[in-house]
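S.K.: Here's a structure for you.
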Amino acid sequence: MEINIQLKSLADKIDQLKSKIETEESTKHAFVLPFIHILGYDAFNPLEVVPEFTADLGLKKGEKVDYAIFQNGEPIIIVECKSWKENLTVHNSQLFSYFHVTKTRFALLTNGIQYQFFTDLDDKNKMDQKPFLEFDITNLKENTITEVAKFHKSSFNVDNIVTNASALKYIKEIKKQINIELENPSNDFTKHFANKVYTGRLTEKVLDEFKDLVQKSLNQFISEKINDRLKAALTKETIKQQDEQVESLEEESKIITSEEELDGYRIIVAILRRKLPTKRIVYRDTQSYFGILLDDNNRKPLCRLHLNGSKKYVSLFNDNKNETKLPISTIDDLYQFEKELLETVGLYETE
């Protein structure tokens with residue numbers, strides 16, 4: 001199962017169960033361990049996942065972190081868990097202390113719903129104050145799933161993740177700043193645009209006016225971009241549907257109904273008209289066979305004629321709607337199957 005499907009499945013499970021989870025231990029077992037399993041690590045293998053991992057801190061011996069994930073005999077991720085009801089406050093976390101006494105480059109703080117991944121971008125061997133990757137598992141975005149997948153056992157690479165972590169860290173902070181400017185443009189941000197379009201002197205009154213103009217312009221710009229994307233997507237879908245219709249028409253154009261098939265249809269009508277109105281006996285020609293149906297319903301086949309090959313066949317259907325192909329020399333041989341055809345009609349009439 002792909003990791004995105006597994007994560008979404010766990011998110012659904014969390015929504016269903018969290019009201020019944022009361023303790024930190026229950027959170028670990030119900031939410032955190034399944035997440036570790038999704039990353040490809042065996043929680044029941046002490047060579048891969050060590051619960052209550054001991055990290056001695058100077059004179060303080062026997063200090064423990066909830067889990068340590070190992071690879072090649074070395075810890076690669078230490079994990080501290082909280083109850084799902086608790087907020088994650090990294091400044092009260094023991095991860096800071098544990099981080100520098102282990103050989104790991106990554107620390108995870110989680111309550112089973114919120115996940116925060118840390119490394120040491122600012123000072124080597126000292127855990128950063130802010131996570132480089134942070135997400136809510138019940139509200140995952142596709143780009144976040146891509147980042148989580150890099151921690152999977154099959155693709156885990158310290159250097160690749162650390163290199164990418166720096167970009168993630170700054171992207172996250174830049175997005176926060178963009179959001180702040182969208183909600184309440186700063187003077188510097190406003191001046192940047194005002195200086196490009198306004199030729200007069202930027203007095204305080206003018207700057208206040210431009211703050212409102214910049215905010216409206218940004219919101220309109222974003223709305224227009226979204227609408228353009230939606231229109232492009234709709235246009236693409238329309239083109240796809242048109243292409244499918246053309247393909248369907250092209251397929252239909254390859255079907256040639258022969259006079260022999262029509263003669264066969266007339267024989268079937270002649271046999272069944274004593275029991276059915278003619279208008280209820282309908283044919284549909286395909287590239288594989290010439291089908292004759294009751295009420296133009298694919299689920300009610302009366303028979304199928306196979307007349308285009310070197311050998312000719314008729315397909316009849318029993319009471320379980322199983323198909324049996326029988327050889328015929330000419331279409332006149334269809335008359336000998338009168339009994340079977342009438343029984344098929346009787347089958348559908350009793351449904």
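Just so we're on the same page: first chain in the structure tokens is A, next is B, and so on; residues restart at 1 for each chain, and ligands are numbered from 1 in the order they show up.
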Among range 64-277 of chain A, which ones does DSSP assign to strand (DSSP E) (computed from the backbone)? Answer as a PDB file with N, CA, C and O atoms, in the first residue's frame.
M.R.:
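Generated output (result26.pdb):
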```
ATOM      1  N   LYS A  64      14.977   8.639  29.980  1.00  0.00           N
ATOM      2  CA  LYS A  64      14.463   7.879  28.842  1.00  0.00           C
ATOM      3  C   LYS A  64      13.677   8.764  27.882  1.00  0.00           C
ATOM      4  O   LYS A  64      13.004   9.701  28.302  1.00  0.00           O
ATOM      5  N   VAL A  65      13.772   8.417  26.605  1.00  0.00           N
ATOM      6  CA  VAL A  65      12.936   9.015  25.573  1.00  0.00           C
ATOM      7  C   VAL A  65      11.984   7.921  25.113  1.00  0.00           C
ATOM      8  O   VAL A  65      12.322   6.731  25.157  1.00  0.00           O
ATOM      9  N   ASP A  66      10.777   8.289  24.690  1.00  0.00           N
ATOM     10  CA  ASP A  66       9.731   7.282  24.438  1.00  0.00           C
ATOM     11  C   ASP A  66      10.148   6.218  23.429  1.00  0.00           C
ATOM     12  O   ASP A  66       9.954   5.029  23.661  1.00  0.00           O
ATOM     13  N   TYR A  67      10.706   6.637  22.296  1.00  0.00           N
ATOM     14  CA  TYR A  67      11.152   5.666  21.289  1.00  0.00           C
ATOM     15  C   TYR A  67      12.422   6.166  20.622  1.00  0.00           C
ATOM     16  O   TYR A  67      12.643   7.382  20.493  1.00  0.00           O
ATOM     17  N   ALA A  68      13.227   5.233  20.191  1.00  0.00           N
ATOM     18  CA  ALA A  68      14.351   5.544  19.308  1.00  0.00           C
ATOM     19  C   ALA A  68      14.277   4.584  18.132  1.00  0.00           C
ATOM     20  O   ALA A  68      14.131   3.364  18.318  1.00  0.00           O
ATOM     21  N   ILE A  69      14.327   5.127  16.930  1.00  0.00           N
ATOM     22  CA  ILE A  69      14.318   4.308  15.716  1.00  0.00           C
ATOM     23  C   ILE A  69      15.766   4.124  15.276  1.00  0.00           C
ATOM     24  O   ILE A  69      16.516   5.102  15.140  1.00  0.00           O
ATOM     25  N   PHE A  70      16.140   2.875  15.079  1.00  0.00           N
ATOM     26  CA  PHE A  70      17.530   2.535  14.762  1.00  0.00           C
ATOM     27  C   PHE A  70      17.681   2.087  13.308  1.00  0.00           C
ATOM     28  O   PHE A  70      16.756   1.527  12.701  1.00  0.00           O
ATOM     29  N   GLN A  71      18.873   2.323  12.783  1.00  0.00           N
ATOM     30  CA  GLN A  71      19.265   1.787  11.479  1.00  0.00           C
ATOM     31  C   GLN A  71      20.765   1.511  11.548  1.00  0.00           C
ATOM     32  O   GLN A  71      21.550   2.379  11.959  1.00  0.00           O
ATOM     33  N   GLU A  74      22.552   2.258  14.889  1.00  0.00           N
ATOM     34  CA  GLU A  74      22.633   3.624  15.406  1.00  0.00           C
ATOM     35  C   GLU A  74      21.241   4.270  15.420  1.00  0.00           C
ATOM     36  O   GLU A  74      20.438   4.034  14.505  1.00  0.00           O
ATOM     37  N   PRO A  75      20.940   5.083  16.447  1.00  0.00           N
ATOM     38  CA  PRO A  75      19.638   5.773  16.459  1.00  0.00           C
ATOM     39  C   PRO A  75      19.595   6.843  15.367  1.00  0.00           C
ATOM     40  O   PRO A  75      20.526   7.640  15.229  1.00  0.00           O
ATOM     41  N   ILE A  76      18.529   6.844  14.580  1.00  0.00           N
ATOM     42  CA  ILE A  76      18.392   7.837  13.512  1.00  0.00           C
ATOM     43  C   ILE A  76      17.268   8.838  13.803  1.00  0.00           C
ATOM     44  O   ILE A  76      17.287   9.956  13.296  1.00  0.00           O
ATOM     45  N   ILE A  77      16.316   8.448  14.633  1.00  0.00           N
ATOM     46  CA  ILE A  77      15.232   9.352  15.037  1.00  0.00           C
ATOM     47  C   ILE A  77      14.881   9.044  16.487  1.00  0.00           C
ATOM     48  O   ILE A  77      14.658   7.880  16.835  1.00  0.00           O
ATOM     49  N   ILE A  78      14.850  10.068  17.332  1.00  0.00           N
ATOM     50  CA  ILE A  78      14.310   9.879  18.676  1.00  0.00           C
ATOM     51  C   ILE A  78      12.924  10.514  18.716  1.00  0.00           C
ATOM     52  O   ILE A  78      12.681  11.544  18.096  1.00  0.00           O
ATOM     53  N   VAL A  79      12.027   9.864  19.451  1.00  0.00           N
ATOM     54  CA  VAL A  79      10.613  10.261  19.427  1.00  0.00           C
ATOM     55  C   VAL A  79      10.111  10.491  20.841  1.00  0.00           C
ATOM     56  O   VAL A  79      10.244   9.620  21.706  1.00  0.00           O
ATOM     57  N   GLU A  80       9.546  11.655  21.064  1.00  0.00           N
ATOM     58  CA  GLU A  80       8.886  11.931  22.336  1.00  0.00           C
ATOM     59  C   GLU A  80       7.392  12.095  22.077  1.00  0.00           C
ATOM     60  O   GLU A  80       6.985  12.820  21.156  1.00  0.00           O
ATOM     61  N   CYS A  81       6.579  11.416  22.880  1.00  0.00           N
ATOM     62  CA  CYS A  81       5.134  11.401  22.664  1.00  0.00           C
ATOM     63  C   CYS A  81       4.397  12.116  23.794  1.00  0.00           C
ATOM     64  O   CYS A  81       4.806  12.072  24.957  1.00  0.00           O
ATOM     65  N   PHE A 106      17.859  13.609  13.928  1.00  0.00           N
ATOM     66  CA  PHE A 106      16.448  13.961  13.842  1.00  0.00           C
ATOM     67  C   PHE A 106      15.709  13.617  15.129  1.00  0.00           C
ATOM     68  O   PHE A 106      15.932  12.567  15.738  1.00  0.00           O
ATOM     69  N   ALA A 107      14.824  14.518  15.521  1.00  0.00           N
ATOM     70  CA  ALA A 107      13.975  14.309  16.685  1.00  0.00           C
ATOM     71  C   ALA A 107      12.528  14.578  16.268  1.00  0.00           C
ATOM     72  O   ALA A 107      12.256  15.482  15.471  1.00  0.00           O
ATOM     73  N   LEU A 108      11.629  13.773  16.811  1.00  0.00           N
ATOM     74  CA  LEU A 108      10.205  13.918  16.495  1.00  0.00           C
ATOM     75  C   LEU A 108       9.426  14.120  17.780  1.00  0.00           C
ATOM     76  O   LEU A 108       9.529  13.319  18.718  1.00  0.00           O
ATOM     77  N   LEU A 109       8.664  15.183  17.836  1.00  0.00           N
ATOM     78  CA  LEU A 109       7.749  15.460  18.943  1.00  0.00           C
ATOM     79  C   LEU A 109       6.339  15.321  18.404  1.00  0.00           C
ATOM     80  O   LEU A 109       5.993  15.943  17.391  1.00  0.00           O
ATOM     81  N   THR A 110       5.522  14.485  19.045  1.00  0.00           N
ATOM     82  CA  THR A 110       4.181  14.244  18.499  1.00  0.00           C
ATOM     83  C   THR A 110       3.175  13.913  19.594  1.00  0.00           C
ATOM     84  O   THR A 110       3.535  13.379  20.647  1.00  0.00           O
ATOM     85  N   GLN A 114      -0.556  15.919  15.798  1.00  0.00           N
ATOM     86  CA  GLN A 114       0.425  16.920  15.372  1.00  0.00           C
ATOM     87  C   GLN A 114       1.820  16.282  15.393  1.00  0.00           C
ATOM     88  O   GLN A 114       2.180  15.586  16.342  1.00  0.00           O
ATOM     89  N   TYR A 115       2.579  16.527  14.326  1.00  0.00           N
ATOM     90  CA  TYR A 115       3.936  15.977  14.224  1.00  0.00           C
ATOM     91  C   TYR A 115       4.912  17.116  13.954  1.00  0.00           C
ATOM     92  O   TYR A 115       4.678  17.950  13.079  1.00  0.00           O
ATOM     93  N   GLN A 116       6.015  17.144  14.721  1.00  0.00           N
ATOM     94  CA  GLN A 116       7.053  18.155  14.536  1.00  0.00           C
ATOM     95  C   GLN A 116       8.412  17.453  14.439  1.00  0.00           C
ATOM     96  O   GLN A 116       8.836  16.776  15.373  1.00  0.00           O
ATOM     97  N   PHE A 117       9.071  17.625  13.279  1.00  0.00           N
ATOM     98  CA  PHE A 117      10.399  17.040  13.060  1.00  0.00           C
ATOM     99  C   PHE A 117      11.458  18.133  13.217  1.00  0.00           C
ATOM    100  O   PHE A 117      11.348  19.212  12.626  1.00  0.00           O
ATOM    101  N   PHE A 118      12.511  17.811  13.996  1.00  0.00           N
ATOM    102  CA  PHE A 118      13.589  18.764  14.268  1.00  0.00           C
ATOM    103  C   PHE A 118      14.922  18.191  13.796  1.00  0.00           C
ATOM    104  O   PHE A 118      15.111  16.971  13.729  1.00  0.00           O
ATOM    105  N   LEU A 133       9.845  20.509   9.751  1.00  0.00           N
ATOM    106  CA  LEU A 133       8.668  19.884   9.141  1.00  0.00           C
ATOM    107  C   LEU A 133       7.608  19.741  10.221  1.00  0.00           C
ATOM    108  O   LEU A 133       7.852  19.173  11.282  1.00  0.00           O
ATOM    109  N   GLU A 134       6.422  20.260   9.946  1.00  0.00           N
ATOM    110  CA  GLU A 134       5.335  20.258  10.924  1.00  0.00           C
ATOM    111  C   GLU A 134       4.029  20.027  10.199  1.00  0.00           C
ATOM    112  O   GLU A 134       3.759  20.643   9.167  1.00  0.00           O
ATOM    113  N   PHE A 135       3.203  19.113  10.714  1.00  0.00           N
ATOM    114  CA  PHE A 135       1.931  18.845  10.043  1.00  0.00           C
ATOM    115  C   PHE A 135       0.924  18.212  10.992  1.00  0.00           C
ATOM    116  O   PHE A 135       1.273  17.690  12.053  1.00  0.00           O
ATOM    117  N   ASP A 136      -0.328  18.288  10.571  1.00  0.00           N
ATOM    118  CA  ASP A 136      -1.456  17.631  11.238  1.00  0.00           C
ATOM    119  C   ASP A 136      -1.827  16.445  10.361  1.00  0.00           C
ATOM    120  O   ASP A 136      -2.204  16.621   9.201  1.00  0.00           O
TER     121      ASP A 136
END
```
S.K.: I need the residues in range 85-227 of chain A that are helix (DSSP H, G or I) according to DSSP; give them as a VMD selection string.
M.R.: chain A and resid 90 to 92 95 to 99 137 to 139 142 to 149 158 to 183 187 to 197 204 to 227
S.K.: Show me, as JSON, numbers by chain, the residues that have an atom within 9 Å of range 282-293 of chain A when counting only C-alpha atoms, minus same-chain residues fewer than 5 positions from it.
M.R.: {"A": [251, 252, 254, 255, 256, 257, 261, 262, 265, 268, 298, 299, 300, 301, 302, 303, 304, 305, 306, 307, 308]}
S.K.: Using CA of Glu183 in chain A and CA of Glu86 in chain A as the two end points, give the distance in Å to one decimal.
M.R.: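 Separation of CA of Glu183 in chain A and CA of Glu86 in chain A: 29.0 Å.
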S.K.: Could you tell me which of A:Phe317, A:Phe35, A:Tyr198, A:Tyr41 comes closest to Glu340 in chain A if we count only C-alpha atoms?
M.R.: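 Closest candidate: A:Phe317.
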S.K.: Neighbours of Thr23 in chain A within 12 Å (only C-alpha atoms; same-chain residues fewer than 3 positions away dropped), as a list of chain:residue names?
M.R.: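 Here the answer would be A:Lys18, A:Ser19, A:Lys20, A:Ser26, A:Thr27, A:Lys28, A:His29, A:Ala30, A:Phe31, A:Cys81, A:Lys82, A:Ser83, A:Trp84, A:Lys85, A:Glu86, A:Asn111, A:Gly112.
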S.K.: Skip Asp332 in chain A itself and residues of its chain fewer than 6 positions away, then list as a tab-separated table (two decimals) with C-alpha atoms, in the first residue's frame all residues within 10 Å of it, counting only C-alpha atoms.
M.R.:
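Printed below is result00.tsv as written:
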```
chain	number	residue	atom	x	y	z
A	263	ASP	CA	-30.52	-12.28	-41.32
A	264	GLY	CA	-29.57	-14.06	-38.09
A	267	ILE	CA	-34.44	-15.56	-37.55
```
S.K.: Counting only C-alpha atoms, figure out which residue out of A:Ser223, A:Ser329, A:Asn318, A:Asn160 gets nearest to Val345 in chain A.
M.R.: A:Asn318
S.K.: Please provide as a ChimeraX atom specification all residues within 7 Å of Pro327 in chain A, with the sequence filter that same-chain residues fewer than 5 positions apart are discarded (counting only C-alpha atoms).
M.R.: /A:312-314
S.K.: Deliver the residues from the most recent selection as a file, using all heavy atoms, as a compact mmCIF listing (two decimals), in the first residue's frame.
M.R.:
```
# COMPACT_ATOMS: atom_id res chain seq x y z
N LYS A 312 -18.36 -20.35 -37.56
CA LYS A 312 -19.50 -19.60 -37.03
C LYS A 312 -19.98 -20.27 -35.74
O LYS A 312 -19.97 -21.49 -35.61
CB LYS A 312 -20.63 -19.56 -38.06
CG LYS A 312 -20.22 -18.99 -39.41
CD LYS A 312 -21.39 -18.96 -40.38
CE LYS A 312 -20.94 -18.66 -41.80
NZ LYS A 312 -20.28 -17.36 -41.93
N TYR A 313 -20.43 -19.40 -34.80
CA TYR A 313 -20.92 -19.90 -33.52
C TYR A 313 -22.14 -19.09 -33.10
O TYR A 313 -22.33 -17.95 -33.53
CB TYR A 313 -19.86 -19.76 -32.42
CG TYR A 313 -18.60 -20.53 -32.65
CD1 TYR A 313 -17.53 -19.96 -33.35
CD2 TYR A 313 -18.46 -21.83 -32.18
CE1 TYR A 313 -16.36 -20.67 -33.56
CE2 TYR A 313 -17.29 -22.55 -32.39
CZ TYR A 313 -16.24 -21.96 -33.08
OH TYR A 313 -15.10 -22.66 -33.30
N VAL A 314 -22.95 -19.70 -32.21
CA VAL A 314 -23.99 -18.98 -31.52
C VAL A 314 -23.76 -19.19 -30.02
O VAL A 314 -23.43 -20.30 -29.60
CB VAL A 314 -25.41 -19.45 -31.92
CG1 VAL A 314 -25.60 -20.95 -31.64
CG2 VAL A 314 -26.47 -18.64 -31.17
```
